[in-house]
$ cat input_30.cif   # mmCIF, C-alpha atoms
data_run
#
loop_
_atom_site.label_atom_id
_atom_site.label_comp_id
_atom_site.auth_asym_id
_atom_site.auth_seq_id
_atom_site.Cartn_x
_atom_site.Cartn_y
_atom_site.Cartn_z
CA MET A 1 -19.71 2.11 31.00
CA ARG A 2 -20.23 0.53 34.38
CA ASN A 3 -20.59 -2.98 32.85
CA LEU A 4 -17.40 -2.52 30.87
CA SER A 5 -15.52 -1.61 34.04
CA ILE A 6 -16.85 -4.67 35.87
CA GLY A 7 -16.14 -6.89 32.85
CA LEU A 8 -12.51 -5.84 32.72
CA THR A 9 -12.09 -6.33 36.45
CA ALA A 10 -13.70 -9.75 36.33
CA ARG A 11 -11.49 -10.70 33.39
CA HIS A 12 -8.39 -9.60 35.29
CA VAL A 13 -9.47 -11.54 38.36
CA LEU A 14 -10.14 -14.66 36.27
CA GLY A 15 -6.82 -14.28 34.49
CA LEU A 16 -4.96 -13.91 37.78
CA ALA A 17 -6.79 -16.90 39.26
CA PHE A 18 -5.96 -19.00 36.20
CA PHE A 19 -2.30 -17.92 36.37
CA LEU A 20 -1.97 -18.68 40.08
CA SER A 21 -3.79 -22.02 39.83
CA GLY A 22 -0.88 -23.33 37.78
CA PHE A 23 1.38 -23.08 40.82
CA VAL A 24 -0.90 -24.88 43.27
CA GLY A 25 -0.72 -28.37 41.78
CA PHE A 26 3.00 -28.38 41.07
CA THR A 27 4.58 -27.81 44.47
CA CYS A 28 6.78 -30.87 43.82
CA PHE A 29 8.11 -29.61 40.48
CA GLY A 30 11.88 -29.82 40.60
CA GLN A 31 11.79 -31.03 44.21
CA THR A 32 15.05 -32.52 45.46
CA VAL A 33 14.63 -35.44 47.84
CA THR A 34 17.31 -36.21 50.42
CA VAL A 35 17.65 -39.68 51.97
CA ARG A 36 19.72 -39.91 55.16
CA VAL A 37 20.82 -43.07 56.99
CA VAL A 38 21.79 -42.55 60.63
CA ASN A 39 22.95 -44.98 63.33
CA ALA A 40 20.34 -44.59 66.08
CA ALA A 41 22.73 -45.90 68.75
CA ASN A 42 25.32 -43.13 68.37
CA GLY A 43 23.75 -40.60 65.98
CA LYS A 44 26.53 -40.93 63.40
CA PRO A 45 25.79 -41.10 59.67
CA VAL A 46 26.09 -44.46 57.95
CA ALA A 47 28.20 -44.20 54.79
CA ALA A 48 28.53 -46.49 51.76
CA GLN A 49 25.03 -47.98 51.95
CA LYS A 50 22.99 -48.68 48.82
CA ILE A 51 19.67 -46.82 48.36
CA LEU A 52 17.24 -48.12 45.73
CA ILE A 53 14.39 -45.99 44.34
CA SER A 54 11.48 -47.21 42.24
CA GLY A 55 8.27 -45.68 40.93
CA ILE A 56 9.63 -42.23 39.99
CA LYS A 57 10.08 -42.74 36.24
CA GLY A 58 6.37 -42.59 35.41
CA THR A 59 6.44 -45.63 33.14
CA GLY A 60 2.80 -46.49 33.89
CA GLU A 61 3.57 -49.59 35.92
CA ARG A 62 1.22 -50.72 38.62
CA PRO A 63 2.22 -49.94 42.24
CA GLY A 64 2.96 -53.60 42.93
CA GLU A 65 5.38 -53.75 40.01
CA ALA A 66 7.33 -50.72 41.22
CA ARG A 67 7.57 -52.22 44.71
CA GLN A 68 8.59 -55.60 43.28
CA LYS A 69 11.57 -53.96 41.55
CA LEU A 70 13.10 -53.35 44.97
CA ILE A 71 12.41 -56.82 46.35
CA ALA A 72 13.26 -59.09 43.41
CA LYS A 73 16.84 -60.22 43.22
CA HIS A 74 17.45 -59.47 39.53
CA ALA A 75 15.05 -56.58 38.93
CA SER A 76 16.43 -53.14 38.20
CA PRO A 77 15.15 -50.14 40.18
CA ASP A 78 14.69 -46.67 38.67
CA ALA A 79 17.74 -45.39 40.56
CA THR A 80 20.56 -46.94 42.59
CA LEU A 81 22.51 -44.55 44.82
CA VAL A 82 25.18 -44.94 47.52
CA THR A 83 25.29 -42.81 50.67
CA ASP A 84 28.22 -40.41 51.05
CA ALA A 85 30.33 -39.78 54.17
CA GLN A 86 27.42 -37.83 55.73
CA GLY A 87 25.11 -40.81 55.16
CA ARG A 88 23.00 -39.04 52.55
CA VAL A 89 21.99 -39.21 48.91
CA GLN A 90 19.91 -36.82 46.84
CA PHE A 91 17.75 -37.22 43.76
CA ASP A 92 15.24 -35.05 41.91
CA LEU A 93 11.60 -35.89 41.44
CA PRO A 94 10.40 -35.73 37.84
CA ALA A 95 8.50 -32.71 36.48
CA VAL A 96 5.23 -34.58 37.03
CA PRO A 97 5.86 -36.30 40.37
CA PRO A 98 4.20 -39.63 41.21
CA THR A 99 1.64 -39.72 44.02
CA LYS A 100 3.82 -42.30 45.74
CA PHE A 101 7.09 -44.11 45.15
CA TYR A 102 9.28 -46.65 46.95
CA VAL A 103 12.65 -46.32 48.67
CA ARG A 104 14.73 -49.16 50.03
CA ALA A 105 17.89 -48.85 52.10
CA VAL A 106 19.95 -51.99 51.52
CA LEU A 107 21.94 -52.17 54.74
CA ARG A 108 24.69 -54.75 55.00
CA PRO A 109 24.20 -57.72 57.29
CA PRO A 110 25.22 -58.81 59.88
CA VAL A 111 25.72 -55.30 61.30
CA TRP A 112 22.29 -54.18 60.07
CA ASP A 113 19.28 -56.48 59.82
CA CYS A 114 16.70 -54.44 57.96
CA SER A 115 15.00 -54.68 54.60
CA CYS A 116 13.99 -51.01 55.09
CA LEU A 117 11.48 -50.79 52.24
CA VAL A 118 9.07 -47.86 52.57
CA THR A 119 6.22 -46.48 50.50
CA VAL A 120 6.64 -42.71 50.24
CA SER A 121 3.66 -40.41 49.72
CA THR A 122 5.03 -37.53 47.65
CA GLU A 123 2.61 -35.01 49.15
CA GLU A 124 3.50 -35.96 52.73
CA LEU A 125 7.22 -36.03 51.94
CA VAL A 126 7.19 -32.52 50.48
CA ARG A 127 5.05 -31.20 53.32
CA LYS A 128 6.85 -32.66 56.36
CA GLY A 129 9.34 -35.41 55.42
CA LEU A 130 9.39 -39.10 56.39
CA TRP A 131 10.97 -40.68 59.47
CA VAL A 132 11.77 -44.42 59.35
CA GLY A 133 13.02 -46.25 62.45
CA SER A 134 13.37 -45.29 66.09
CA HIS A 135 11.93 -41.93 67.18
CA ASP A 136 13.78 -41.71 70.51
CA ASP A 137 15.89 -38.63 69.71
CA ALA A 138 13.86 -35.42 69.85
CA SER A 139 16.89 -33.27 68.93
CA ILE A 140 16.79 -34.44 65.29
CA GLN A 141 14.71 -32.14 63.13
CA LEU A 142 13.23 -33.61 59.98
CA GLN A 143 13.18 -31.32 56.95
CA PRO A 144 10.48 -31.26 54.25
CA GLY A 145 11.64 -33.38 51.31
CA GLU A 146 13.82 -35.58 53.53
CA ILE A 147 13.60 -39.32 54.27
CA LEU A 148 15.45 -40.27 57.44
CA PHE A 149 16.35 -43.90 58.20
CA ARG A 150 17.36 -44.16 61.90
CA MET A 151 18.50 -47.75 62.35
CA ARG A 152 19.94 -49.57 65.30
CA PRO A 153 22.74 -52.06 64.62
CA THR A 154 22.08 -55.70 65.47
CA PRO A 155 23.35 -56.80 68.90
CA LEU A 156 26.78 -58.41 69.12
CA TRP A 157 25.32 -61.85 69.92
CA ALA A 158 23.27 -61.73 66.71
CA ARG A 159 26.38 -60.86 64.69
CA VAL A 160 28.28 -63.79 66.23
CA PHE A 161 25.47 -66.25 65.45
CA TRP A 162 24.54 -64.61 62.12
CA PRO A 163 25.59 -67.57 59.94
CA PHE A 164 23.22 -69.80 61.92
CA LEU A 165 20.32 -67.30 61.91
CA VAL A 166 20.02 -66.68 58.18
CA ASP A 167 18.37 -68.99 55.70
CA ARG A 168 20.80 -70.54 53.25
CA PRO A 169 19.89 -72.47 50.14
CA PHE A 170 20.98 -76.09 50.23
#
$ encode --input "input_30.cif" --output "structure tokens"
Amino acid sequence: MRNLSIGLTARHVLGLAFFLSGFVGFTCFGQTVTVRVVNAANGKPVAAQKILISGIKGTGERPGEARQKLIAKHASPDATLVTDAQGRVQFDLPAVPPTKFYVRAVLRPPVWDCSCLVTVSTEELVRKGLWVGSHDDASIQLQPGEILFRMRPTPLWARVFWPFLVDRPF
């Protein structure tokens, strides 16, 4: 009788462990990611900026191919979003999230001079978020699942001479 009692207890413990182990690996399941673009000079959100996302579809492409989608002129990313009046966009990670993916903020020159392409570790993003740009404002709190682009605008002299500073095809 004693063995039967221990057997049932062990079976319950194993069943509970098996049940709970299903939740450990899928902390990203259904995770919503927020991307914010903020002007570091005045703290205001930057609206109407294009955000490109690649590597979240799980199509089996190599990491370099996913990154190349955001750099190449005529490649199509997995998602193209535009920031709202609060300077943010949101998207959901797939049911089986990638270990890493790529996000690019396409900020309009000459006011912004940044390619702003980052590799995002899904685990780190879900745990503590990702901060891109200047870290000089301690009052801003980064949330888990949030990517924050804090960009400084180009100086006025650079905007005036912008046509002479960029490469143009002949």
$ closest_residue --input "input_30.cif" --among "A:Thr32, A:Asn42, A:Thr122, A:Gln86" --to "Pro98 in chain A" --atoms "all atoms listed in the file"
A:Thr122
$ closest_atom_pairs --input "input_30.cif" --of "range 30-103 of chain A" --to "range 150-158 of chain A" --cutoff "10 Å" --atoms "only C-alpha atoms" --output "JSON lines"
{"residue": "A:Arg36", "atom": "CA", "partner": "A:Arg150", "partner_atom": "CA", "distance": 8.3}
{"residue": "A:Val37", "atom": "CA", "partner": "A:Arg150", "partner_atom": "CA", "distance": 6.1}
{"residue": "A:Val38", "atom": "CA", "partner": "A:Arg150", "partner_atom": "CA", "distance": 4.9}
{"residue": "A:Asn39", "atom": "CA", "partner": "A:Met151", "partner_atom": "CA", "distance": 5.3}
{"residue": "A:Ala40", "atom": "CA", "partner": "A:Arg152", "partner_atom": "CA", "distance": 5.1}
{"residue": "A:Ala41", "atom": "CA", "partner": "A:Arg152", "partner_atom": "CA", "distance": 5.8}
{"residue": "A:Asn42", "atom": "CA", "partner": "A:Arg152", "partner_atom": "CA", "distance": 8.9}
{"residue": "A:Gly43", "atom": "CA", "partner": "A:Arg150", "partner_atom": "CA", "distance": 8.4}
{"residue": "A:Lys44", "atom": "CA", "partner": "A:Arg150", "partner_atom": "CA", "distance": 9.8}
{"residue": "A:Pro45", "atom": "CA", "partner": "A:Arg150", "partner_atom": "CA", "distance": 9.2}
{"residue": "A:Val46", "atom": "CA", "partner": "A:Met151", "partner_atom": "CA", "distance": 9.4}
$ atom_distance --input "input_30.cif" --atom1 "CA of Gly55 in chain A" --atom2 "CA of Gly87 in chain A"
22.6 Å
$ closest_residue --input "input_30.cif" --among "A:Ile51, A:Leu125, A:Leu165, A:Ala79" --to "Thr99 in chain A" --atoms "only C-alpha atoms"
A:Leu125
$ closest_residue --input "input_30.cif" --among "A:Ala47, A:Leu117, A:Val160, A:Leu130" --to "Ala85 in chain A" --atoms "all atoms listed in the file"
A:Ala47
$ resolve_selection --input "input_30.cif" --expression "the PyMOL selection byres ((chain A and resi 90) around 8)" --output "list in words"
Thr32, Val33, Thr34, Val35, Arg88, Val89, Phe91 and Asp92 of chain A
$ resolve_selection --input "input_30.cif" --expression "the PyMOL selection byres ((chain A and resi 57) around 12)" --output "list in words"
Ile53, Ser54, Gly55, Ile56, Gly58, Thr59, Gly60, Glu61, Ala66, Pro77, Asp78, Ala79, Asp92, Leu93, Pro94, Ala95, Val96, Pro97, Pro98, Thr99, Lys100, Phe101 and Tyr102 of chain A
$ write_last_selection --input "input_30.cif" --atoms "C-alpha atoms" --output "PDB file, in the coordinates of the input"
ATOM      1  CA  ILE A  53      14.390 -45.990  44.340  1.00  0.00           C
ATOM      2  CA  SER A  54      11.480 -47.210  42.240  1.00  0.00           C
ATOM      3  CA  GLY A  55       8.270 -45.680  40.930  1.00  0.00           C
ATOM      4  CA  ILE A  56       9.630 -42.230  39.990  1.00  0.00           C
ATOM      5  CA  GLY A  58       6.370 -42.590  35.410  1.00  0.00           C
ATOM      6  CA  THR A  59       6.440 -45.630  33.140  1.00  0.00           C
ATOM      7  CA  GLY A  60       2.800 -46.490  33.890  1.00  0.00           C
ATOM      8  CA  GLU A  61       3.570 -49.590  35.920  1.00  0.00           C
ATOM      9  CA  ALA A  66       7.330 -50.720  41.220  1.00  0.00           C
ATOM     10  CA  PRO A  77      15.150 -50.140  40.180  1.00  0.00           C
ATOM     11  CA  ASP A  78      14.690 -46.670  38.670  1.00  0.00           C
ATOM     12  CA  ALA A  79      17.740 -45.390  40.560  1.00  0.00           C
ATOM     13  CA  ASP A  92      15.240 -35.050  41.910  1.00  0.00           C
ATOM     14  CA  LEU A  93      11.600 -35.890  41.440  1.00  0.00           C
ATOM     15  CA  PRO A  94      10.400 -35.730  37.840  1.00  0.00           C
ATOM     16  CA  ALA A  95       8.500 -32.710  36.480  1.00  0.00           C
ATOM     17  CA  VAL A  96       5.230 -34.580  37.030  1.00  0.00           C
ATOM     18  CA  PRO A  97       5.860 -36.300  40.370  1.00  0.00           C
ATOM     19  CA  PRO A  98       4.200 -39.630  41.210  1.00  0.00           C
ATOM     20  CA  THR A  99       1.640 -39.720  44.020  1.00  0.00           C
ATOM     21  CA  LYS A 100       3.820 -42.300  45.740  1.00  0.00           C
ATOM     22  CA  PHE A 101       7.090 -44.110  45.150  1.00  0.00           C
ATOM     23  CA  TYR A 102       9.280 -46.650  46.950  1.00  0.00           C
TER      24      TYR A 102
END
$ closest_residue --input "input_30.cif" --among "A:Ser134, A:Ser121, A:Gln49, A:Gln31" --to "Val82 in chain A" --atoms "only C-alpha atoms"
A:Gln49
$ atom_distance --input "input_30.cif" --atom1 "CA of Cys114 in chain A" --atom2 "CA of Gly133 in chain A"
10.0 Å
$ atom_distance --input "input_30.cif" --atom1 "CA of Ala105 in chain A" --atom2 "CA of Gly64 in chain A"
18.2 Å
$ residues_around --input "input_30.cif" --residues "Pro144 in chain A" --least-positions-apart "6" --cutoff "7 Å" --atoms "all atoms listed in the file" --output "PyMOL selection string"
chain A and resi 125-129
$ axis_aligned_box --input "input_30.cif" --around "range 93-96 of chain A" --padding-each-side "6 Å" --output "AutoDock Vina command-line options"
--center_x 8.4 --center_y -34.3 --center_z 39.0 --size_x 18.4 --size_y 15.2 --size_z 17.0
$ closest_residue --input "input_30.cif" --among "A:Gly145, A:Thr80, A:Lys50, A:Ile71" --to "Val106 in chain A" --atoms "all atoms listed in the file"
A:Lys50
